[in-house]
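Read through the structure below, which is laid out as structure tokens, and then see the notes.
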Amino acid sequence: MIDAALGGGTEKIMEVNSINRGIVIDHIRAGCGMKVLSYLGVDTSKDTVALIMNATSAKHGRKDIIKIENLTDVDIAALGLFDHSATVNVIEDGKIRQKIHLSLPETVKDVIKCKNPRCVTSVEPAIPHIFRLVDAAREEYRCEYCDEIVKLS
Amino acid sequence: MTLQGRSFIEPPDFTVEETDEVFRLAKRIMAAPGDYAERAKGRLLATLFYEPSTRTRFSFEAAMLKLGGQVIGFSGENSSSAAKGESISDTVKTVACYADIAVIRHPKEGSARVAAAAAGIPVINGGDGGHQHPTQTLTDLMTIMTEKGRLGDLKVGLCGDLKFGRTVHSLVRALCRYEGIEFILISPEELRAPDYVKADIGRGRCGAYREAERMQDVLSELDILYMTRVQKERFFNEEDYIRLKDSYILDAEKMRLAPEDMIVMHPLPRVNEIAPEVDADPRAVYFKQVENGMYARMALILALLGEE
């Protein structure tokens with residue numbers, strides 16, 4: 001078991017100590033954990049960070065899990081962009097204080113870059129890269145400037 | 001009207017009702033231009049044309065001058081500070097210190113949106129690359145209303161370069177807000193409409209389109225044939241341009257296949273996609289579009305300045 005904070009269950013995975021305060025991002029699609037970790041930018045953090053890859057999951061077969069000690073202030077909406085099937089558990093005093101099911105954010109700013117070479121974002125400095133959700137079922141976003149459609153999967 | 005101080009970057013920036021209001025103002029100006037000859041007196045329009053343009057720039061300049069206003073601006077990237085590497089945002093912020101309203105044409109898609117966010121004065125999109133050209137759409141909608149008497153229940157054939165044809169992208173975005181519009185997208189495979197344009201149709205109130213490769217196969221069904229030029233400047237290489245530019249040419253012989261009440265529209269300039277012999281056909285309305293364009297732009301300028 002990872003710890004009680006993950007909600008129990010019968011998953012047998014390597015042991016990682018519980019955290020008293022911080023966040024646990026669970027049910028990340030296997031293989032996406034590195035991307036999520038990279039977005040969070042915790043590589044220079046002095047706090048304990050654990051990335052568990054390919055853990056056994058009763059629901060999905062395999063999953064990734066991230067535990068970050070002390071961090072509770074995360075842009076949850078943007079996390080949904082990387083994996084909207086994941087859940088975020090906010091831990092305080094060793095207990096789950098909040099459990100958040102992620103969904104695709106309506107708007108994302110400065111996370112995706114537009115790949116259309118004719119888009120103004122390719123030349124104009126210091127403007128935010130903004131994408132808006134246009135089709136959740138197809139996981140499609142549209143560039144605010146040039147309308148280029150980006151598919152997440 | 002509630003358009004004062006706003007920008008016009010793509011057709012849905014105005015609701016259908018607001019768009020109608022601009023048309024009504026345009027018609028009032030058209031009926032009595034003398035009443036509006038000093039309505040923009042003391043106001044300054046900046047024309048920021050980073051790309052070559054004759055028609056659109058002249059149309060805006062004529063519109064402002066006929067309203068009693070004045071015009072400053074540049075035409076061509078080399079004659080602006082962009083040649084020194086200045087950003088669009090910085091250029092429009094500077095221009096906004098002098099001008100009351102600006103129109104921008106720029107080769108990059110989304111450039112007008114960037115300009116509007118930075119300017120602090122109303123900005124009109126005069127064409128942003130192969131993306132949108134909303135004032136041409138105002139012109140087109142006015143022409144359709146005048147010639148067909150309605151903006152719904154129409155079968156519209158869009159023909160030519162649908163990939164980079166910004167006038168088509170804007171027109172689709174505007175028309176799909178009306179009931180009963182059916183689109184037939186006529187183009188070679190290489191120049192088919194982008195996914196986002198088809199998605200616009202799917203989300204619109206009309207919701208119907210189909211694709212065709214030959215205009216003669218569908219001409220008999222159309223209420224409107226909207227022709228576009230295969231634009232050399234939209235191609236990455238000349239070989240593709242030469243191969244495709246003559247693919248879709250409308251001539252008198254093809255016009256014989258079209259219904260008596262179909263209209264032929266074109267944003268102009270044309271190269272050879274409409275043979276000159278078609279000009280004499282009463283169904284050809286592309287030169288009427290030009291005239292409507294100036295009045296539509298006069299109305300738009302007044303509405304954004306709050307001087308209507």
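Labeling convention for the structure tokens: chains A, B, ... as they appear, residues from 1 per chain, ligands from 1 in order of appearance.
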
Worksheet item: Counting only C-alpha atoms, which residues from chain B have an atom at most 12 Å from any atom of chain A, and could you show them as a count of residues only?
Response: 45

Discussion item. I'd like the neighbourhood of Gly94 in chain A as a count of residues only, where a residue qualifies if any of its atoms comes within 8 Å (using only C-alpha atoms), though same-chain residues fewer than 5 positions away should be ignored.
Written reply: 5

Item to complete: Have a look at B:Tyr36, B:Asp20, B:Gln216, B:Lys254 and name the one nearest to Arg150 in chain B; count only C-alpha atoms.
Response: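 That would be B:Asp20, the residue with the smallest distance to Arg150 in chain B.
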
Discussion item. Can you tell me which residues surround Asp223 in chain B at a distance of at most 6 Å, considering only C-alpha atoms, apart from same-chain residues fewer than 3 positions away, and format the answer as a list of chain:residue names?
Written reply: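 These residues fall inside the cut-off: B:Leu154, B:Lys155, B:Met262.
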
If we count only C-alpha atoms and set the cut-off at 9 Å, which residues sit around range 269-286 of chain B, ignoring sequence neighbours fewer than 4 positions away in its own chain? Please answer as a short mmCIF file (atom, residue, chain, number, x, y, z; two decimals) with N, CA, C and O atoms, in the first residue's frame.
data_model
loop_
_atom_site.label_atom_id
_atom_site.label_comp_id
_atom_site.auth_asym_id
_atom_site.auth_seq_id
_atom_site.Cartn_x
_atom_site.Cartn_y
_atom_site.Cartn_z
N ARG B 55 -7.94 47.55 -52.50
CA ARG B 55 -9.38 47.64 -52.32
C ARG B 55 -9.79 47.96 -50.88
O ARG B 55 -10.50 48.92 -50.62
N THR B 143 -24.89 42.55 -49.25
CA THR B 143 -25.19 42.24 -50.65
C THR B 143 -26.22 41.10 -50.74
O THR B 143 -27.17 41.16 -51.54
N GLU B 147 -29.79 41.46 -52.47
CA GLU B 147 -30.07 40.73 -53.70
C GLU B 147 -31.05 39.58 -53.50
O GLU B 147 -31.84 39.27 -54.39
N GLY B 160 -13.25 27.57 -54.66
CA GLY B 160 -11.87 28.02 -54.91
C GLY B 160 -10.96 27.66 -53.76
O GLY B 160 -10.92 26.52 -53.32
N MET B 227 -17.31 32.97 -55.27
CA MET B 227 -16.03 32.59 -55.87
C MET B 227 -14.87 33.23 -55.09
O MET B 227 -15.01 34.34 -54.56
N THR B 228 -13.74 32.56 -55.05
CA THR B 228 -12.56 33.17 -54.42
C THR B 228 -11.35 32.97 -55.31
O THR B 228 -11.30 32.06 -56.14
N ARG B 229 -10.40 33.84 -55.09
CA ARG B 229 -9.15 33.81 -55.85
C ARG B 229 -8.19 32.84 -55.17
O ARG B 229 -8.13 32.75 -53.95
N VAL B 230 -7.47 32.13 -55.98
CA VAL B 230 -6.38 31.30 -55.46
C VAL B 230 -5.18 32.24 -55.29
O VAL B 230 -4.59 32.68 -56.25
N LYS B 245 -3.98 27.25 -59.63
CA LYS B 245 -4.66 28.55 -59.76
C LYS B 245 -5.78 28.56 -60.80
O LYS B 245 -6.73 29.33 -60.67
N ASP B 246 -5.69 27.70 -61.80
CA ASP B 246 -6.72 27.71 -62.84
C ASP B 246 -7.79 26.63 -62.66
O ASP B 246 -8.61 26.41 -63.54
N SER B 247 -7.74 25.99 -61.49
CA SER B 247 -8.61 24.82 -61.31
C SER B 247 -10.09 25.16 -61.38
O SER B 247 -10.90 24.36 -61.82
N TYR B 248 -10.44 26.35 -60.94
CA TYR B 248 -11.86 26.65 -60.78
C TYR B 248 -12.20 27.97 -61.45
O TYR B 248 -12.10 29.03 -60.84
N ILE B 249 -12.55 27.89 -62.71
CA ILE B 249 -12.84 29.10 -63.48
C ILE B 249 -14.32 29.09 -63.89
O ILE B 249 -14.82 28.12 -64.46
N LEU B 250 -15.00 30.20 -63.58
CA LEU B 250 -16.40 30.34 -63.95
C LEU B 250 -16.49 31.10 -65.27
O LEU B 250 -15.91 32.18 -65.41
N ASP B 251 -17.22 30.53 -66.23
CA ASP B 251 -17.39 31.21 -67.52
C ASP B 251 -18.86 31.15 -67.93
O ASP B 251 -19.70 30.56 -67.23
N ALA B 252 -19.17 31.72 -69.09
CA ALA B 252 -20.56 31.82 -69.54
C ALA B 252 -21.18 30.42 -69.72
O ALA B 252 -22.36 30.21 -69.44
N MET B 255 -22.23 29.15 -66.45
CA MET B 255 -23.36 29.94 -65.94
C MET B 255 -24.69 29.44 -66.50
O MET B 255 -25.74 29.64 -65.89
N GLU B 260 -31.71 30.75 -62.63
CA GLU B 260 -31.90 32.13 -63.10
C GLU B 260 -31.72 33.15 -61.98
O GLU B 260 -31.34 34.29 -62.22
N ASP B 261 -32.04 32.72 -60.75
CA ASP B 261 -31.96 33.68 -59.64
C ASP B 261 -30.74 33.47 -58.75
O ASP B 261 -30.66 34.01 -57.65
N MET B 262 -29.81 32.65 -59.19
CA MET B 262 -28.57 32.51 -58.43
C MET B 262 -27.76 33.79 -58.56
O MET B 262 -27.82 34.46 -59.61
N ILE B 263 -27.03 34.16 -57.50
CA ILE B 263 -26.13 35.32 -57.66
C ILE B 263 -24.68 34.84 -57.56
O ILE B 263 -24.38 33.87 -56.86
N VAL B 264 -23.81 35.52 -58.28
CA VAL B 264 -22.37 35.22 -58.23
C VAL B 264 -21.69 36.33 -57.45
O VAL B 264 -21.80 37.51 -57.79
N MET B 265 -21.00 35.94 -56.38
CA MET B 265 -20.28 36.92 -55.57
C MET B 265 -18.78 36.63 -55.62
O MET B 265 -18.36 35.51 -55.89
N VAL B 290 -18.62 45.87 -53.92
CA VAL B 290 -17.63 46.92 -53.65
C VAL B 290 -18.31 48.16 -53.10
O VAL B 290 -17.87 48.76 -52.11
#

Item to complete: For each of A:Glu106, A:Asp64, A:Glu92, A:Asp47, take the minimum atom-to-atom distance to Glu140 in chain A, counting only C-alpha atoms, then give the residue where this is smallest.
Response: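 Among the listed residues, A:Glu106 lies closest to Glu140 in chain A.
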
Fill in: For CA of Glu213 in chain B and CA of Cys159 in chain B, the interatomic separation in Å (one decimal)
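Straight-line distance from CA of Glu213 in chain B to CA of Cys159 in chain B works out to 9.2 Å.
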
Worksheet item: Can you list, as a ChimeraX atom specification, every protein, DNA or RNA residue that comes within 8 Å of Tyr295 in chain B when you count only C-alpha atoms, leaving out same-chain residues fewer than 4 positions away?
Response: /B:26-27,29-30,63,291,299

Discussion item. For His60 in chain A, find every residue with an atom within 10 Å (counting only C-alpha atoms), except residues of its own chain fewer than 3 positions away, and show them as a count of residues only.
Written reply: 8

Practice prompt. Would you work out the distance separating CA of Ser81 in chain B from CA of Lys93 in chain B, expressed in Å to one decimal?
Written response: 12.6 Å

Discussion item. Could you list, as a PyMOL selection string, every residue within 8 Å of Val49 in chain A, counting only C-alpha atoms and ignoring same-chain residues fewer than 6 positions away?
Written reply: chain A and resi 42+66-69

Just all heavy atoms for this one: save the residues we selected as a compact mmCIF listing (two decimals), in the first residue's frame.
# COMPACT_ATOMS: atom_id res chain seq x y z
N VAL A 42 8.37 21.13 -10.06
CA VAL A 42 8.85 20.91 -8.69
C VAL A 42 10.25 20.30 -8.68
O VAL A 42 10.72 19.84 -7.65
CB VAL A 42 7.88 20.01 -7.90
CG1 VAL A 42 6.60 20.74 -7.59
CG2 VAL A 42 7.59 18.72 -8.66
N ILE A 66 1.70 10.73 -8.14
CA ILE A 66 2.68 11.73 -7.70
C ILE A 66 2.31 12.17 -6.29
O ILE A 66 1.14 12.45 -6.01
CB ILE A 66 2.68 12.95 -8.65
CG1 ILE A 66 3.23 12.56 -10.02
CG2 ILE A 66 3.52 14.09 -8.06
CD1 ILE A 66 3.04 13.65 -11.07
N LYS A 67 3.31 12.23 -5.44
CA LYS A 67 3.10 12.75 -4.08
C LYS A 67 4.07 13.90 -3.87
O LYS A 67 5.26 13.76 -4.13
CB LYS A 67 3.39 11.66 -3.05
CG LYS A 67 2.45 10.48 -3.15
CD LYS A 67 2.87 9.36 -2.22
CE LYS A 67 2.67 9.75 -0.77
NZ LYS A 67 2.84 8.59 0.13
N ILE A 68 3.56 15.01 -3.41
CA ILE A 68 4.42 16.16 -3.16
C ILE A 68 4.14 16.69 -1.75
O ILE A 68 3.01 17.05 -1.43
CB ILE A 68 4.19 17.29 -4.18
CG1 ILE A 68 4.31 16.74 -5.59
CG2 ILE A 68 5.17 18.43 -3.96
CD1 ILE A 68 3.84 17.70 -6.65
N GLU A 69 5.18 16.69 -0.97
CA GLU A 69 5.02 17.15 0.41
C GLU A 69 4.96 18.66 0.46
O GLU A 69 5.69 19.35 -0.28
CB GLU A 69 6.22 16.65 1.23
CG GLU A 69 5.93 16.50 2.70
CD GLU A 69 7.02 15.72 3.39
OE1 GLU A 69 8.19 15.83 2.97
OE2 GLU A 69 6.71 14.98 4.33

Worksheet item: Which parts of chain A does DSSP call alpha helix (DSSP H) when run on the backbone here, written out as a ChimeraX atom specification?
Response: /A:33-40,76-82

Item to complete: Point out the residue among A:Ile76, A:Ile96, A:Met34, A:Val111 with the least atom-to-atom distance to His129 in chain A, counting only C-alpha atoms.
Response: A:Val111
